[in-house]
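**Student:** Below is the file coords27.cif, with mmCIF, C-alpha atoms.
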data_my_file
#
loop_
_atom_site.label_atom_id
_atom_site.label_comp_id
_atom_site.auth_asym_id
_atom_site.auth_seq_id
_atom_site.Cartn_x
_atom_site.Cartn_y
_atom_site.Cartn_z
CA MET A 1 52.32 128.88 129.25
CA THR A 2 53.89 131.95 127.63
CA ILE A 3 57.53 131.74 126.64
CA ASP A 4 59.52 134.96 127.10
CA THR A 5 61.36 135.62 123.83
CA ARG A 6 63.10 138.77 125.05
CA PRO A 7 66.87 138.55 125.06
CA ALA A 8 68.59 138.45 128.44
CA VAL A 9 69.80 142.04 128.49
CA THR A 10 69.72 144.80 131.03
CA VAL A 11 69.12 148.37 129.89
CA ARG A 12 70.65 151.10 132.00
CA ARG A 13 71.70 154.73 131.79
CA ALA A 14 75.08 155.12 130.08
CA ARG A 15 78.15 156.14 132.04
CA THR A 16 81.20 158.02 130.79
CA SER A 17 83.17 154.78 131.00
CA ASP A 18 80.78 153.34 128.36
CA VAL A 19 81.72 155.87 125.68
CA PRO A 20 84.52 153.78 124.09
CA CYS A 21 82.12 150.80 123.88
CA ILE A 22 79.38 153.01 122.43
CA GLN A 23 81.83 154.21 119.78
CA ALA A 24 82.78 150.60 119.02
CA LEU A 25 79.09 149.67 118.62
CA VAL A 26 78.45 152.61 116.32
CA GLU A 27 81.58 152.37 114.14
CA PRO A 28 80.51 149.38 111.97
CA LEU A 29 77.25 151.22 111.21
CA VAL A 30 79.20 154.36 110.34
CA GLN A 31 81.34 152.30 107.96
CA ARG A 32 78.16 150.96 106.31
CA ARG A 33 76.81 154.55 106.14
CA ILE A 34 73.81 153.70 108.32
CA LEU A 35 74.80 156.11 111.11
CA LEU A 36 76.79 159.33 111.07
CA GLY A 37 80.22 159.25 112.65
CA LYS A 38 80.79 161.37 115.74
CA ASP A 39 83.90 162.44 117.60
CA ALA A 40 84.45 161.14 121.12
CA VAL A 41 83.76 164.58 122.56
CA VAL A 42 80.24 164.50 121.10
CA PHE A 43 79.52 161.17 122.79
CA TYR A 44 80.85 162.43 126.12
CA GLU A 45 78.78 165.62 125.85
CA ALA A 46 75.65 163.57 125.20
CA VAL A 47 76.30 160.60 127.50
CA GLN A 48 73.32 161.53 129.71
CA GLU A 49 71.03 161.00 126.68
CA PHE A 50 72.17 157.39 126.18
CA ARG A 51 70.84 154.08 127.40
CA VAL A 52 72.94 150.96 126.92
CA ALA A 53 72.03 147.28 126.81
CA GLU A 54 74.29 144.78 128.55
CA ASP A 55 74.20 141.01 128.11
CA GLU A 56 74.51 138.52 130.99
CA ASP A 57 78.30 138.84 130.88
CA GLY A 58 78.21 142.64 131.23
CA ARG A 59 79.17 143.22 127.59
CA LEU A 60 77.57 146.24 125.92
CA VAL A 61 75.51 144.91 123.02
CA GLY A 62 73.39 147.95 122.19
CA CYS A 63 72.90 151.65 122.71
CA GLY A 64 70.47 154.41 121.86
CA ALA A 65 69.93 158.03 122.78
CA LEU A 66 66.95 160.27 123.38
CA HIS A 67 67.46 163.89 122.37
CA VAL A 68 64.85 166.49 123.33
CA PHE A 69 64.02 168.95 120.55
CA TRP A 70 61.11 170.91 121.91
CA GLU A 71 58.47 170.77 124.63
CA ASP A 72 56.65 167.85 123.01
CA LEU A 73 59.18 166.46 120.51
CA GLY A 74 62.23 164.24 120.87
CA GLU A 75 64.45 162.14 118.65
CA VAL A 76 65.69 158.58 118.91
CA ARG A 77 69.37 158.90 118.01
CA THR A 78 72.35 156.63 117.55
CA LEU A 79 70.48 153.34 117.93
CA ALA A 80 73.05 150.59 117.45
CA VAL A 81 73.06 146.88 118.20
CA HIS A 82 76.09 144.60 118.00
CA ASP A 83 76.01 142.35 114.93
CA ASP A 84 76.20 139.24 117.16
CA VAL A 85 72.76 139.96 118.64
CA ARG A 86 70.96 141.74 115.79
CA GLY A 87 67.46 140.41 115.23
CA ARG A 88 67.07 139.25 118.84
CA GLY A 89 65.03 142.15 120.20
CA VAL A 90 67.78 144.30 121.70
CA GLY A 91 66.90 147.27 119.48
CA ARG A 92 63.22 146.91 120.35
CA ILE A 93 64.00 146.89 124.07
CA LEU A 94 66.17 149.99 123.74
CA VAL A 95 63.50 151.87 121.78
CA GLU A 96 60.85 150.92 124.36
CA ARG A 97 63.08 152.28 127.13
CA LEU A 98 63.75 155.52 125.22
CA GLU A 99 60.00 155.93 124.68
CA GLN A 100 59.42 155.43 128.40
CA ASP A 101 62.07 158.07 129.12
CA ALA A 102 60.39 160.41 126.63
CA LEU A 103 57.03 160.03 128.36
CA GLU A 104 58.64 160.70 131.75
CA LEU A 105 60.06 163.94 130.30
CA GLY A 106 56.61 164.97 129.04
CA LEU A 107 57.21 164.35 125.34
CA SER A 108 54.31 163.22 123.19
CA LYS A 109 56.08 162.64 119.85
CA LEU A 110 59.31 160.92 118.89
CA PHE A 111 60.93 160.88 115.52
CA CYS A 112 64.00 159.34 113.97
CA LEU A 113 65.94 159.77 110.75
CA THR A 114 66.73 156.28 109.58
CA PHE A 115 67.61 153.86 106.82
CA GLU A 116 66.10 151.07 108.97
CA VAL A 117 62.50 151.84 108.01
CA SER A 118 61.07 148.36 108.53
CA PHE A 119 62.54 148.12 112.05
CA PHE A 120 60.96 151.41 113.11
CA GLU A 121 57.66 150.53 111.42
CA ARG A 122 57.54 147.42 113.62
CA GLN A 123 57.94 149.75 116.62
CA GLY A 124 54.92 151.82 115.53
CA TYR A 125 56.70 154.65 113.69
CA THR A 126 55.41 155.90 110.36
CA ALA A 127 57.06 157.88 107.58
CA SER A 128 56.37 161.53 108.19
CA PRO A 129 56.67 164.81 106.30
CA LEU A 130 59.05 167.56 107.34
CA SER A 131 56.27 169.66 108.87
CA LEU A 132 56.47 168.09 112.33
CA VAL A 133 56.72 171.50 113.99
CA ASP A 134 54.94 174.81 113.62
CA PRO A 135 56.72 177.60 111.71
CA GLU A 136 57.41 179.45 114.99
CA VAL A 137 59.14 176.40 116.45
CA TYR A 138 61.06 175.88 113.21
CA ALA A 139 62.36 179.46 113.48
CA GLU A 140 63.64 178.68 116.99
CA LEU A 141 65.16 175.31 116.07
CA VAL A 142 67.03 176.67 113.06
CA ARG A 143 69.23 178.60 115.53
CA SER A 144 70.52 175.41 117.15
CA PRO A 145 74.17 174.48 116.47
CA ASP A 146 73.28 170.77 116.84
CA GLU A 147 73.89 168.79 113.63
CA GLY A 148 70.98 166.50 114.48
CA VAL A 149 68.65 169.49 114.54
CA ALA A 150 70.02 170.52 111.14
CA GLU A 151 69.27 167.01 109.85
CA PHE A 152 65.76 167.15 111.28
CA LEU A 153 65.13 170.52 109.64
CA ASP A 154 66.49 169.15 106.35
CA LEU A 155 69.00 171.99 106.02
CA ALA A 156 71.11 171.94 102.86
CA ARG A 157 74.43 171.79 104.74
CA VAL A 158 73.69 168.26 106.01
CA LYS A 159 72.08 166.80 102.90
CA PRO A 160 75.12 164.77 101.76
CA ASN A 161 75.04 162.93 105.11
CA THR A 162 71.32 162.24 105.17
CA LEU A 163 70.53 161.55 101.54
CA GLY A 164 68.16 158.61 101.32
CA ASN A 165 67.10 158.30 104.94
CA THR A 166 63.50 158.44 106.08
CA ARG A 167 61.97 160.71 108.72
CA MET A 168 59.68 158.61 110.90
CA LEU A 169 57.33 159.66 113.69
CA LYS A 170 55.48 158.04 116.57
CA HIS A 171 52.81 159.64 118.74
CA LEU A 172 53.39 158.37 122.26
CA ARG A 173 50.03 159.43 123.73
#
What is this structure when it is put down as structure tokens?
**Tutor:**
Amino acid sequence: MTIDTRPAVTVRRARTSDVPCIQALVEPLVQRRILLGKDAVVFYEAVQEFRVAEDEDGRLVGCGALHVFWEDLGEVRTLAVHDDVRGRGVGRILVERLEQDALELGLSKLFCLTFEVSFFERQGYTASPLSLVDPEVYAELVRSPDEGVAEFLDLARVKPNTLGNTRMLKHLR
């Protein structure tokens, strides 16, 4: 007999009404300098990228976003799990769902910029050099106004915010 050790959570697409809860999940990690802080407008603009995890009582206990960078490349962003359920598999379930979403979109590689290296290693990600994209793609991406793209490209203007994090990559297929 196999015992299911997955937490009793449901992962679903985020709704605009979830944004205040997403901000509340993210804020403690911003305070600990694990995640970058974002204004509410940024969360609302990106709400379609988010998945949220709800417990049996309907309380949001986790969130994560999938941001598409290029035809084959996406990023796992803003992965946050409530302190009360950390270590119980909620983050793993969210990452698995974001990877499934990435495959459905036709992506073959996902990366993240993280201080949580051991967590992402357990999910199959490995530390990766900056050269994840060809020079032609880099030239296109550098035009993006998105701060996450600037982080990915390791542009000097975002270095104070990303100092010490690790770029990690997973090939999905």
**Student:** Residues of range 16-70 of chain A that approach range 96-116 of chain A to 8 Å or less, counting only C-alpha atoms: could you list each one with the shortest pair of atoms and its distance in Å to one decimal, rows by chain and increasing residue number, as CSV?
**Tutor:**
residue,atom,partner,partner_atom,distance
A:Ile34,CA,A:Phe115,CA,6.4
A:Arg51,CA,A:Leu98,CA,7.6
A:Gly64,CA,A:Leu98,CA,7.6
A:Ala65,CA,A:Leu98,CA,7.1
A:Leu66,CA,A:Leu98,CA,6.0
**Student:** If you keep C-alpha atoms, can you produce a file of those selected residues as a JSON list (two decimals), in the coordinates of the input?
**Tutor:**
[["chain", "number", "residue", "atom", "x", "y", "z"],
["A", 34, "ILE", "CA", 73.81, 153.70, 108.32],
["A", 51, "ARG", "CA", 70.84, 154.08, 127.40],
["A", 64, "GLY", "CA", 70.47, 154.41, 121.86],
["A", 65, "ALA", "CA", 69.93, 158.03, 122.78],
["A", 66, "LEU", "CA", 66.95, 160.27, 123.38]]
**Student:** Could you please determine the separation between CA of Thr126 in chain A and CA of Glu54 in chain A in Å, to one decimal place?
**Tutor:**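 Result for CA of Thr126 in chain A versus CA of Glu54 in chain A: 28.5 Å, one decimal.
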**Student:** For Leu25 in chain A, which residue among A:Ser118, A:Thr78, A:Thr166, A:Ser128 is the nearest when counting all atoms listed in the file?
**Tutor:**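 Smallest distance to Leu25 in chain A is found for A:Thr78.
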**Student:** Evaluate the PyMOL selection byres ((chain A and resi 80) around 8) against this structure - the residues, as a ChimeraX atom specification, please.
**Tutor:** /A:25-26,29,62-64,78-79,81-82,91
**Student:** When the PyMOL selection byres ((chain A and resi 21) around 10) is applied to the file above, which residues end up in the set, as a PyMOL selection string?
**Tutor:** chain A and resi 17-20+22-27+52+59-63
**Student:** So how far away is CA of His67 in chain A from CA of Val90 in chain A, in Å?
**Tutor:**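 Separating CA of Val90 in chain A from CA of His67 in chain A is a distance of 19.6 Å.
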**Student:** Enter the distance from CA of Val41 in chain A to CA of Arg77 in chain A, in Å, rounded to one decimal.
**Tutor:**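 Computed distance, CA of Val41 in chain A to CA of Arg77 in chain A, equals 16.1 Å.
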**Student:** Choose the residue, out of A:Arg167, A:Arg15, A:Val30, A:Asp57, that has the smallest atom-to-atom separation from Glu75 in chain A; count all atoms listed in the file.
**Tutor:**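 The closest residue to Glu75 in chain A is A:Arg167.
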**Student:** Give the answer as one residue: which of A:Leu35, A:Val76, A:Val85, A:Val95 has the shortest atom-to-atom distance to Gln123 in chain A, using only C-alpha atoms?
**Tutor:** A:Val95
**Student:** Taking all atoms listed in the file into account, name the residue in A:Arg32, A:Gln48, A:Ala53, A:Asp39 that is nearest to Ile93 in chain A.
**Tutor:**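 Among the listed residues, A:Ala53 lies closest to Ile93 in chain A.
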**Student:** Using the block above, I'd like range 92-135 of chain A written out, keeping N, CA and C atoms and formatting it as a PDB file, in the first residue's frame.
**Tutor:**
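In the end it all went to decode_19.pdb:
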ATOM      1  N   ARG A  92       6.572  22.189  -4.388  1.00  0.00           N
ATOM      2  CA  ARG A  92       6.796  21.153  -5.408  1.00  0.00           C
ATOM      3  C   ARG A  92       5.578  21.014  -6.318  1.00  0.00           C
ATOM      4  N   ILE A  93       4.397  20.995  -5.722  1.00  0.00           N
ATOM      5  CA  ILE A  93       3.167  20.861  -6.501  1.00  0.00           C
ATOM      6  C   ILE A  93       2.983  22.056  -7.425  1.00  0.00           C
ATOM      7  N   LEU A  94       3.268  23.247  -6.923  1.00  0.00           N
ATOM      8  CA  LEU A  94       3.153  24.444  -7.765  1.00  0.00           C
ATOM      9  C   LEU A  94       4.138  24.400  -8.927  1.00  0.00           C
ATOM     10  N   VAL A  95       5.382  24.021  -8.660  1.00  0.00           N
ATOM     11  CA  VAL A  95       6.378  23.950  -9.734  1.00  0.00           C
ATOM     12  C   VAL A  95       5.964  22.910 -10.770  1.00  0.00           C
ATOM     13  N   GLU A  96       5.483  21.756 -10.328  1.00  0.00           N
ATOM     14  CA  GLU A  96       5.022  20.738 -11.277  1.00  0.00           C
ATOM     15  C   GLU A  96       3.917  21.281 -12.169  1.00  0.00           C
ATOM     16  N   ARG A  97       2.994  22.040 -11.596  1.00  0.00           N
ATOM     17  CA  ARG A  97       1.892  22.602 -12.387  1.00  0.00           C
ATOM     18  C   ARG A  97       2.414  23.642 -13.377  1.00  0.00           C
ATOM     19  N   LEU A  98       3.360  24.484 -12.935  1.00  0.00           N
ATOM     20  CA  LEU A  98       3.932  25.484 -13.838  1.00  0.00           C
ATOM     21  C   LEU A  98       4.696  24.807 -14.972  1.00  0.00           C
ATOM     22  N   GLU A  99       5.368  23.705 -14.683  1.00  0.00           N
ATOM     23  CA  GLU A  99       6.066  22.954 -15.732  1.00  0.00           C
ATOM     24  C   GLU A  99       5.070  22.353 -16.724  1.00  0.00           C
ATOM     25  N   GLN A 100       3.967  21.854 -16.228  1.00  0.00           N
ATOM     26  CA  GLN A 100       2.918  21.328 -17.105  1.00  0.00           C
ATOM     27  C   GLN A 100       2.380  22.446 -17.998  1.00  0.00           C
ATOM     28  N   ASP A 101       2.142  23.615 -17.414  1.00  0.00           N
ATOM     29  CA  ASP A 101       1.678  24.766 -18.198  1.00  0.00           C
ATOM     30  C   ASP A 101       2.706  25.129 -19.270  1.00  0.00           C
ATOM     31  N   ALA A 102       3.980  25.094 -18.896  1.00  0.00           N
ATOM     32  CA  ALA A 102       5.047  25.434 -19.845  1.00  0.00           C
ATOM     33  C   ALA A 102       5.042  24.474 -21.028  1.00  0.00           C
ATOM     34  N   LEU A 103       4.905  23.188 -20.752  1.00  0.00           N
ATOM     35  CA  LEU A 103       4.853  22.202 -21.832  1.00  0.00           C
ATOM     36  C   LEU A 103       3.644  22.442 -22.737  1.00  0.00           C
ATOM     37  N   GLU A 104       2.504  22.770 -22.143  1.00  0.00           N
ATOM     38  CA  GLU A 104       1.303  23.041 -22.937  1.00  0.00           C
ATOM     39  C   GLU A 104       1.499  24.254 -23.850  1.00  0.00           C
ATOM     40  N   LEU A 105       2.326  25.202 -23.420  1.00  0.00           N
ATOM     41  CA  LEU A 105       2.618  26.393 -24.226  1.00  0.00           C
ATOM     42  C   LEU A 105       3.696  26.129 -25.276  1.00  0.00           C
ATOM     43  N   GLY A 106       4.349  24.967 -25.209  1.00  0.00           N
ATOM     44  CA  GLY A 106       5.388  24.635 -26.173  1.00  0.00           C
ATOM     45  C   GLY A 106       6.789  24.988 -25.722  1.00  0.00           C
ATOM     46  N   LEU A 107       6.964  25.293 -24.444  1.00  0.00           N
ATOM     47  CA  LEU A 107       8.293  25.610 -23.928  1.00  0.00           C
ATOM     48  C   LEU A 107       9.070  24.328 -23.662  1.00  0.00           C
ATOM     49  N   SER A 108      10.378  24.388 -23.838  1.00  0.00           N
ATOM     50  CA  SER A 108      11.205  23.213 -23.570  1.00  0.00           C
ATOM     51  C   SER A 108      12.205  23.448 -22.443  1.00  0.00           C
ATOM     52  N   LYS A 109      12.358  24.708 -22.018  1.00  0.00           N
ATOM     53  CA  LYS A 109      13.304  25.032 -20.937  1.00  0.00           C
ATOM     54  C   LYS A 109      12.644  26.016 -19.981  1.00  0.00           C
ATOM     55  N   LEU A 110      12.888  25.801 -18.699  1.00  0.00           N
ATOM     56  CA  LEU A 110      12.457  26.739 -17.672  1.00  0.00           C
ATOM     57  C   LEU A 110      13.656  27.101 -16.829  1.00  0.00           C
ATOM     58  N   PHE A 111      13.705  28.362 -16.439  1.00  0.00           N
ATOM     59  CA  PHE A 111      14.758  28.771 -15.524  1.00  0.00           C
ATOM     60  C   PHE A 111      14.137  29.529 -14.370  1.00  0.00           C
ATOM     61  N   CYS A 112      14.934  29.743 -13.353  1.00  0.00           N
ATOM     62  CA  CYS A 112      14.542  30.603 -12.242  1.00  0.00           C
ATOM     63  C   CYS A 112      15.794  31.285 -11.730  1.00  0.00           C
ATOM     64  N   LEU A 113      15.594  32.414 -11.102  1.00  0.00           N
ATOM     65  CA  LEU A 113      16.657  33.110 -10.377  1.00  0.00           C
ATOM     66  C   LEU A 113      16.281  32.970  -8.914  1.00  0.00           C
ATOM     67  N   THR A 114      17.126  32.320  -8.126  1.00  0.00           N
ATOM     68  CA  THR A 114      16.685  31.944  -6.792  1.00  0.00           C
ATOM     69  C   THR A 114      17.811  31.928  -5.768  1.00  0.00           C
ATOM     70  N   PHE A 115      17.413  32.105  -4.525  1.00  0.00           N
ATOM     71  CA  PHE A 115      18.292  31.854  -3.387  1.00  0.00           C
ATOM     72  C   PHE A 115      18.008  30.465  -2.820  1.00  0.00           C
ATOM     73  N   GLU A 116      16.917  29.840  -3.262  1.00  0.00           N
ATOM     74  CA  GLU A 116      16.479  28.535  -2.764  1.00  0.00           C
ATOM     75  C   GLU A 116      17.020  27.418  -3.662  1.00  0.00           C
ATOM     76  N   VAL A 117      18.333  27.351  -3.766  1.00  0.00           N
ATOM     77  CA  VAL A 117      18.997  26.439  -4.699  1.00  0.00           C
ATOM     78  C   VAL A 117      18.648  24.985  -4.406  1.00  0.00           C
ATOM     79  N   SER A 118      18.701  24.581  -3.160  1.00  0.00           N
ATOM     80  CA  SER A 118      18.461  23.158  -2.857  1.00  0.00           C
ATOM     81  C   SER A 118      17.030  22.750  -3.206  1.00  0.00           C
ATOM     82  N   PHE A 119      16.059  23.626  -2.989  1.00  0.00           N
ATOM     83  CA  PHE A 119      14.677  23.314  -3.372  1.00  0.00           C
ATOM     84  C   PHE A 119      14.598  23.044  -4.870  1.00  0.00           C
ATOM     85  N   PHE A 120      15.144  23.955  -5.678  1.00  0.00           N
ATOM     86  CA  PHE A 120      15.045  23.782  -7.128  1.00  0.00           C
ATOM     87  C   PHE A 120      15.891  22.616  -7.622  1.00  0.00           C
ATOM     88  N   GLU A 121      16.996  22.317  -6.965  1.00  0.00           N
ATOM     89  CA  GLU A 121      17.756  21.115  -7.339  1.00  0.00           C
ATOM     90  C   GLU A 121      16.903  19.867  -7.146  1.00  0.00           C
ATOM     91  N   ARG A 122      16.133  19.820  -6.069  1.00  0.00           N
ATOM     92  CA  ARG A 122      15.252  18.662  -5.832  1.00  0.00           C
ATOM     93  C   ARG A 122      14.169  18.556  -6.905  1.00  0.00           C
ATOM     94  N   GLN A 123      13.876  19.640  -7.585  1.00  0.00           N
ATOM     95  CA  GLN A 123      12.878  19.632  -8.662  1.00  0.00           C
ATOM     96  C   GLN A 123      13.516  19.362 -10.022  1.00  0.00           C
ATOM     97  N   GLY A 124      14.837  19.120 -10.050  1.00  0.00           N
ATOM     98  CA  GLY A 124      15.518  18.785 -11.295  1.00  0.00           C
ATOM     99  C   GLY A 124      16.189  19.945 -12.002  1.00  0.00           C
ATOM    100  N   TYR A 125      16.270  21.097 -11.359  1.00  0.00           N
ATOM    101  CA  TYR A 125      16.947  22.260 -11.933  1.00  0.00           C
ATOM    102  C   TYR A 125      18.428  22.209 -11.578  1.00  0.00           C
ATOM    103  N   THR A 126      19.256  22.741 -12.461  1.00  0.00           N
ATOM    104  CA  THR A 126      20.684  22.794 -12.204  1.00  0.00           C
ATOM    105  C   THR A 126      21.181  24.223 -12.412  1.00  0.00           C
ATOM    106  N   ALA A 127      22.227  24.576 -11.689  1.00  0.00           N
ATOM    107  CA  ALA A 127      22.836  25.896 -11.861  1.00  0.00           C
ATOM    108  C   ALA A 127      23.283  26.026 -13.307  1.00  0.00           C
ATOM    109  N   SER A 128      23.064  27.202 -13.866  1.00  0.00           N
ATOM    110  CA  SER A 128      23.296  27.368 -15.292  1.00  0.00           C
ATOM    111  C   SER A 128      23.979  28.702 -15.575  1.00  0.00           C
ATOM    112  N   PRO A 129      24.828  28.727 -16.594  1.00  0.00           N
ATOM    113  CA  PRO A 129      25.481  29.985 -16.965  1.00  0.00           C
ATOM    114  C   PRO A 129      24.496  30.936 -17.629  1.00  0.00           C
ATOM    115  N   LEU A 130      24.918  32.164 -17.798  1.00  0.00           N
ATOM    116  CA  LEU A 130      24.090  33.194 -18.411  1.00  0.00           C
ATOM    117  C   LEU A 130      23.702  32.856 -19.841  1.00  0.00           C
ATOM    118  N   SER A 131      24.528  32.139 -20.546  1.00  0.00           N
ATOM    119  CA  SER A 131      24.315  31.924 -21.981  1.00  0.00           C
ATOM    120  C   SER A 131      23.206  30.917 -22.273  1.00  0.00           C
ATOM    121  N   LEU A 132      21.994  31.200 -21.777  1.00  0.00           N
ATOM    122  CA  LEU A 132      20.857  30.330 -22.042  1.00  0.00           C
ATOM    123  C   LEU A 132      20.227  30.612 -23.393  1.00  0.00           C
ATOM    124  N   VAL A 133      20.546  31.766 -23.968  1.00  0.00           N
ATOM    125  CA  VAL A 133      19.947  32.141 -25.253  1.00  0.00           C
ATOM    126  C   VAL A 133      21.040  32.544 -26.230  1.00  0.00           C
ATOM    127  N   ASP A 134      20.733  32.401 -27.498  1.00  0.00           N
ATOM    128  CA  ASP A 134      21.662  32.808 -28.549  1.00  0.00           C
ATOM    129  C   ASP A 134      21.822  34.324 -28.552  1.00  0.00           C
ATOM    130  N   PRO A 135      22.927  34.825 -29.079  1.00  0.00           N
ATOM    131  CA  PRO A 135      23.146  36.278 -29.129  1.00  0.00           C
ATOM    132  C   PRO A 135      22.017  37.043 -29.830  1.00  0.00           C
TER     133      PRO A 135
END
